[in-house]
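To keep things clear, I will list the structure first and then write my remarks on it.
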Amino acid sequence: VEIERVEKVSEMQDARRYREKWDDEKQRYTVIPDSPEVMRVIEAAKMQSDLIYHEGYEKQKTEGYKMVHDTPLFNQCRESAWNASDYNYKTALKEAREKSYKNVHESPLYLQNKLSAQ
């Protein structure tokens with residue numbers, strides 16, 4: 001009994017025999033089946049890759065930025081923003097005040113009526 005135990009222990013301690021099974025199996029590998037879950041994981045791994053993630057940006061950098069023409073909606077939004085601007089509102093109000101008359105006696109209609117009455 002003791003001799004058998006010693007033989008098994010010596011076999012386990014022998015590095016060549018210990019790795020023999022692993023060396024035989026590492027030459028062979030199994031192919032992973034293309035199940036939907038495996039394909040999803042492969043695609044997710046590709047998307048996490050920095051190279052593929054930045055590929056579109058790198059391509060756009062080489063081509064340059066193409067200016068998009070103004071759409072009617074963009075023009076409408078820009079005009080609404082301009083109209084809503086407090087500065088533009090006050091400028092227009094100031095110009096209107098400068099053009100308006102200070103009192104009734106300076107208006108052209110009043111002066112015309114005054115001259116015709118004389």
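So you can find residues: chains in the structure tokens are A, B, ... in the order shown, residues in each start at 1, and ligands are numbered from 1 in order.
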Residue list (helix (DSSP H, G or I), DSSP) for range 8-115 of chain A, as a PyMOL selection string: chain A and resi 8-13+15-25+36-48+50-53+55-63+72-84+86-99+104-106+108-115
task: Report the distance between CA of Glu55 in chain A and CA of Met39 in chain A in Å, rounded to one decimal place.
output: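 Separation of CA of Glu55 in chain A and CA of Met39 in chain A: 21.1 Å.
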task: Please indicate the distance in Å from CA of Tyr29 in chain A to CA of Met47 in chain A, rounded to one decimal place.
output: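 So the two atoms, CA of Tyr29 in chain A and CA of Met47 in chain A, lie 26.2 Å apart.
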